[in-house]
Amino acid sequence: MNVGLLFQQTGNMGGRDEVRKSVDKPVLPEGLDGVLILLVLSLLGLGLVMVCSASISIADSKTSTPFFYLYRQFIAAGLGVLGAMMIFKIRLVYWEKSGMLLLAIAFVMVILVLVPGVGKTVNGSTRWIPVGILNLQVSEIVKLFVMIYVAGYLVRHGEQVRSSLWGFIKPMMMVGLICLFLLLEPDFGASVVIMMTVLGMTYLGGVRFIQFVTVLALLGSAATLLVVSSPYRLQRLTAFVNPWADPFDSGFQLTQSLIAIGSGGWAGSGLGGSVQKLFYLPEAHTDFLFAVLAEELGLIGVIVVIGLYAALVFRVFMIARKAESCGKQFAAYLSYGIGIWLGLQAFINIGVNMGVLPTKGLTLPLMSYGGSSLIVVSAAIGLLLRVAYECSNGQAMPRKTARGKTASGKSENGKTAVKHSEPKKQQQKREKTKKTRKPGVAARSTTRGSPNRTKSVRDLIRDGG
């Protein structure tokens with residue numbers, strides 16, 4: 001037998017095994033949600049293309065650099081991806097424990113932005129804190145911090161929320177105070193998104209329906225009072241009802257948006273072919289990016305974008321449902337909150353662009369120009385990936401009681417916990433028996449033939465002892 005040929009055949013078999021293993025190896029590590037990543041990257045990539053198209057004219061006019069806003073958005077996207085990767089490495093239990101700390105930081109931020117000389121004012125609103133090359137929008141960070149706090153609160157006080165009005169009112173008071181500071185900036189849109197998201201989370205947490213409807217009615221009345229009492233909000237409302245009544249002043253932005261959407265037709269004017277972005281439509285690359293997309297990509301592009309957002313929200317809810325089935329209540333509440341937030345904000349932005357809702361200063365998540373929004377949404381995606389990862393890898397640890405047992409009555413090693421407690425009278429009887437036993441006479445073992453049984457008196461005499 002040719003030994004060399006045998007070694008050659010063996011080597012070829014080993015090479016084939018290595019190739020087979022490399023082919024069968026998954027592209028993503030086990031536990032990562034590939035569908036969520038694909039949806040996020042699709043929206044992010046489409047958003048970068050549309051920011052480039054919508055901002056090229058205004059960037060060239062203001063900075064003489066056509067891709068100025070695209071470069072900044074690329075930097076924000078890179079920071080967002082890096083932040084999502086870092087957050088993915090942190091276990092959810094640490095976020096759950098940090099809820100009160102994050103709420104305190106949120107309070108500090110909403111107060112700090114109102115301090116003269118600290119907050120930056122743009123178009124009459126003081127919503128940003130300059131941090132290096134970025135302007136940090138406080139309301140974006142506050143959204144995520146509030147959701148983490150509320151998710152932890154629902155876990156700690158879930159029974160109280162479901163059984164009493166006070167348990168439901170306590171978190172709403174904290175969130176309402178934060179929204180009050182946001183209204184002073186003013187940022188009415190962010191306040192609405194935060195309040196509606198928290199209401200959705202508490203409803204899923206099991207709050208009584210009558211209490212939920214009552215608080216919702218009170219908040220609706222308060223919002224109506226705020227709109228009527230503020231001149232600029234009332235002007236936006238009247239312009240929304242009939243923008244063509246004053247198309248060159250109060251209704252200018254909405255009429256230009258409607259013209260852009262109506263000009264798109266079925267297939268659009270082509271990428272880069274928008275006319276309304278040429279200094280007609282204000283904020284074309286931020287709040288009204290969807291209108292430019294509709295003009296350039298037409299109804300087909302609009303359906304694709306709406307479908308991507310619907311699929312994203314549905315996927316987030318699936319992750320939340322999976323976390324709920326795994327017994328990870330904090331992860332489930334947080335995922336539901338993030339899903340409500342992203343879906344609601346996308347719905348409001350698209351509704352504003354189409355004239356269905358009054359004008360609000362809300363971005364289109366993952367697509368509109370804005371570093372703060374993109375980074376914070378990326379951080380939220382990192383949390384969702386962590387939720388999916390922990391559920392897929394079985395890292396859901398049962399909660400312990402004061403005696404070290406789990407909520408299901410099992411010990412840490414998975415066996416049913418045994419109760420060692422016995423009646424008090426039986427304990428006293430056993431102690432009395434020990435005291436009355438004759439000295440020198442050892443108790444016999446209850447098990448015959450046991451190697452560890454105690455020696456009797458006869459055995460002691462035989463051994464000479």
# chains A, B, ... in the order shown; residues from 1 in each chain; ligands from 1
$ select_by_dssp --residues "stretch 94-228 of chain A" --states "strand (DSSP E or B)" --output "list of chain:residue names"
A:Lys120, A:Thr121, A:Val122, A:Ser125, A:Thr126, A:Arg127, A:Trp128, A:Ile129, A:Pro130, A:Val131, A:Leu134, A:Asn135, A:Leu136, A:Gln137
$ write_last_selection --atoms "C-alpha atoms" --output "mmCIF file, in the first residue's frame"
data_model
loop_
_atom_site.group_PDB
_atom_site.id
_atom_site.type_symbol
_atom_site.label_atom_id
_atom_site.label_comp_id
_atom_site.auth_asym_id
_atom_site.auth_seq_id
_atom_site.Cartn_x
_atom_site.Cartn_y
_atom_site.Cartn_z
ATOM 1 C CA LYS A 120 -28.448 76.613 21.575
ATOM 2 C CA THR A 121 -31.434 78.352 19.996
ATOM 3 C CA VAL A 122 -32.439 77.574 16.404
ATOM 4 C CA SER A 125 -36.490 76.842 19.959
ATOM 5 C CA THR A 126 -33.791 76.063 22.520
ATOM 6 C CA ARG A 127 -33.417 72.301 22.158
ATOM 7 C CA TRP A 128 -29.704 71.672 21.614
ATOM 8 C CA ILE A 129 -26.529 71.544 23.689
ATOM 9 C CA PRO A 130 -23.329 71.996 21.609
ATOM 10 C CA VAL A 131 -20.928 69.073 22.099
ATOM 11 C CA LEU A 134 -22.414 67.871 17.100
ATOM 12 C CA ASN A 135 -25.419 69.680 18.505
ATOM 13 C CA LEU A 136 -26.956 67.294 21.017
ATOM 14 C CA GLN A 137 -30.754 67.417 20.961
#
$ residues_around --residues "A:Gln211" --least-positions-apart "2" --cutoff "12 Å" --atoms "only C-alpha atoms" --output "PDB file with C-alpha atoms, in the first residue's frame"
ATOM      1  CA  VAL A 161     -49.753  49.451  38.611  1.00  0.00           C
ATOM      2  CA  ARG A 162     -52.372  46.806  37.875  1.00  0.00           C
ATOM      3  CA  SER A 163     -54.229  47.094  41.176  1.00  0.00           C
ATOM      4  CA  SER A 164     -54.195  50.770  42.208  1.00  0.00           C
ATOM      5  CA  LEU A 165     -54.504  54.192  40.635  1.00  0.00           C
ATOM      6  CA  TRP A 166     -51.514  55.535  42.567  1.00  0.00           C
ATOM      7  CA  GLY A 167     -49.210  52.919  41.054  1.00  0.00           C
ATOM      8  CA  PHE A 168     -50.215  54.161  37.607  1.00  0.00           C
ATOM      9  CA  ILE A 169     -50.050  57.858  38.453  1.00  0.00           C
ATOM     10  CA  LEU A 199     -49.071  55.384  28.036  1.00  0.00           C
ATOM     11  CA  THR A 202     -48.291  51.133  30.964  1.00  0.00           C
ATOM     12  CA  TYR A 203     -51.305  49.818  29.067  1.00  0.00           C
ATOM     13  CA  GLY A 206     -51.789  45.778  32.674  1.00  0.00           C
ATOM     14  CA  VAL A 207     -53.190  49.089  33.910  1.00  0.00           C
ATOM     15  CA  ARG A 208     -56.947  49.143  34.346  1.00  0.00           C
ATOM     16  CA  PHE A 209     -58.783  50.259  31.216  1.00  0.00           C
ATOM     17  CA  VAL A 213     -58.996  56.098  29.387  1.00  0.00           C
ATOM     18  CA  THR A 214     -59.394  58.703  32.144  1.00  0.00           C
ATOM     19  CA  VAL A 215     -55.726  59.727  32.056  1.00  0.00           C
ATOM     20  CA  LEU A 216     -55.778  59.733  28.252  1.00  0.00           C
ATOM     21  CA  ALA A 217     -58.783  62.070  28.248  1.00  0.00           C
ATOM     22  CA  LEU A 218     -57.086  64.402  30.744  1.00  0.00           C
TER      23      LEU A 218
END
$ closest_residue --among "A:Gly117, A:Gly45, A:Gly327, A:Gly339" --to "A:Cys391" --atoms "only C-alpha atoms"
A:Gly327
$ select_by_dssp --residues "stretch 247-399 of chain A" --states "helix (DSSP H, G or I)" --output "ChimeraX atom specification"
/A:252-264,289-325,329-353,371-392
$ atom_distance --atom1 "atom CA of A:Met86" --atom2 "atom CA of A:Ile133"
21.3 Å
$ residues_around --residues "A:Leu184" --least-positions-apart "4" --cutoff "12 Å" --atoms "only C-alpha atoms" --output "JSON, numbers by chain"
{"A": [110, 111, 113, 114, 115, 124, 125, 126, 127, 139, 177, 178, 179, 180, 188, 190, 191, 226, 230]}
$ write_last_selection --atoms "C-alpha atoms" --output "short mmCIF file (atom, residue, chain, number, x, y, z; two decimals), in the first residue's frame"
data_model
loop_
_atom_site.label_atom_id
_atom_site.label_comp_id
_atom_site.auth_asym_id
_atom_site.auth_seq_id
_atom_site.Cartn_x
_atom_site.Cartn_y
_atom_site.Cartn_z
CA VAL A 110 -33.89 69.17 30.29
CA ILE A 111 -33.06 71.80 32.94
CA VAL A 113 -30.67 73.15 28.09
CA LEU A 114 -32.84 76.03 29.37
CA VAL A 115 -29.90 77.73 31.11
CA GLY A 124 -36.89 80.19 18.15
CA SER A 125 -36.49 76.84 19.96
CA THR A 126 -33.79 76.06 22.52
CA ARG A 127 -33.42 72.30 22.16
CA SER A 139 -35.29 65.42 23.77
CA LEU A 177 -42.69 66.85 34.76
CA ILE A 178 -40.07 66.07 32.12
CA CYS A 179 -42.56 66.91 29.36
CA LEU A 180 -43.26 70.22 31.10
CA PHE A 188 -44.39 69.93 21.74
CA ALA A 190 -41.26 65.26 21.55
CA SER A 191 -43.56 65.68 24.55
CA LEU A 226 -51.75 74.13 25.24
CA SER A 230 -50.08 79.31 22.36
#
$ residues_around --residues "stretch 147-152 of chain A" --least-positions-apart "4" --cutoff "6 Å" --atoms "only C-alpha atoms" --output "short mmCIF file (atom, residue, chain, number, x, y, z; two decimals) with C-alpha atoms, in the first residue's frame"
data_model
loop_
_atom_site.label_atom_id
_atom_site.label_comp_id
_atom_site.auth_asym_id
_atom_site.auth_seq_id
_atom_site.Cartn_x
_atom_site.Cartn_y
_atom_site.Cartn_z
CA GLU A 96 -32.65 47.75 34.52
CA GLY A 99 -33.33 53.32 35.51
CA PHE A 330 -37.86 44.34 31.55
CA TYR A 333 -41.47 46.29 28.21
CA LEU A 334 -38.41 48.10 26.83
#
$ decode --residues "stretch 164-196 of chain A" --atoms "C-alpha atoms" --output "short mmCIF file (atom, residue, chain, number, x, y, z; two decimals), in the first residue's frame"
data_model
loop_
_atom_site.label_atom_id
_atom_site.label_comp_id
_atom_site.auth_asym_id
_atom_site.auth_seq_id
_atom_site.Cartn_x
_atom_site.Cartn_y
_atom_site.Cartn_z
CA SER A 164 -54.19 50.77 42.21
CA LEU A 165 -54.50 54.19 40.64
CA TRP A 166 -51.51 55.54 42.57
CA GLY A 167 -49.21 52.92 41.05
CA PHE A 168 -50.21 54.16 37.61
CA ILE A 169 -50.05 57.86 38.45
CA LYS A 170 -46.53 57.85 39.96
CA PRO A 171 -44.57 57.25 36.73
CA MET A 172 -46.95 59.51 34.81
CA MET A 173 -46.15 62.35 37.21
CA MET A 174 -42.41 61.95 36.64
CA VAL A 175 -42.84 61.78 32.87
CA GLY A 176 -45.25 64.72 32.94
CA LEU A 177 -42.69 66.85 34.76
CA ILE A 178 -40.07 66.07 32.12
CA CYS A 179 -42.56 66.91 29.36
CA LEU A 180 -43.26 70.22 31.10
CA PHE A 181 -39.60 71.20 30.78
CA LEU A 182 -39.64 70.08 27.13
CA LEU A 183 -42.62 72.37 26.48
CA LEU A 184 -40.56 75.29 27.79
CA GLU A 185 -37.97 74.81 25.00
CA PRO A 186 -40.55 74.53 23.28
CA ASP A 187 -40.74 70.95 21.91
CA PHE A 188 -44.39 69.93 21.74
CA GLY A 189 -43.79 67.04 19.33
CA ALA A 190 -41.26 65.26 21.55
CA SER A 191 -43.56 65.68 24.55
CA VAL A 192 -46.42 64.02 22.65
CA VAL A 193 -44.22 61.10 21.54
CA ILE A 194 -42.85 60.50 25.06
CA MET A 195 -46.24 60.70 26.73
CA MET A 196 -47.97 58.45 24.20
#
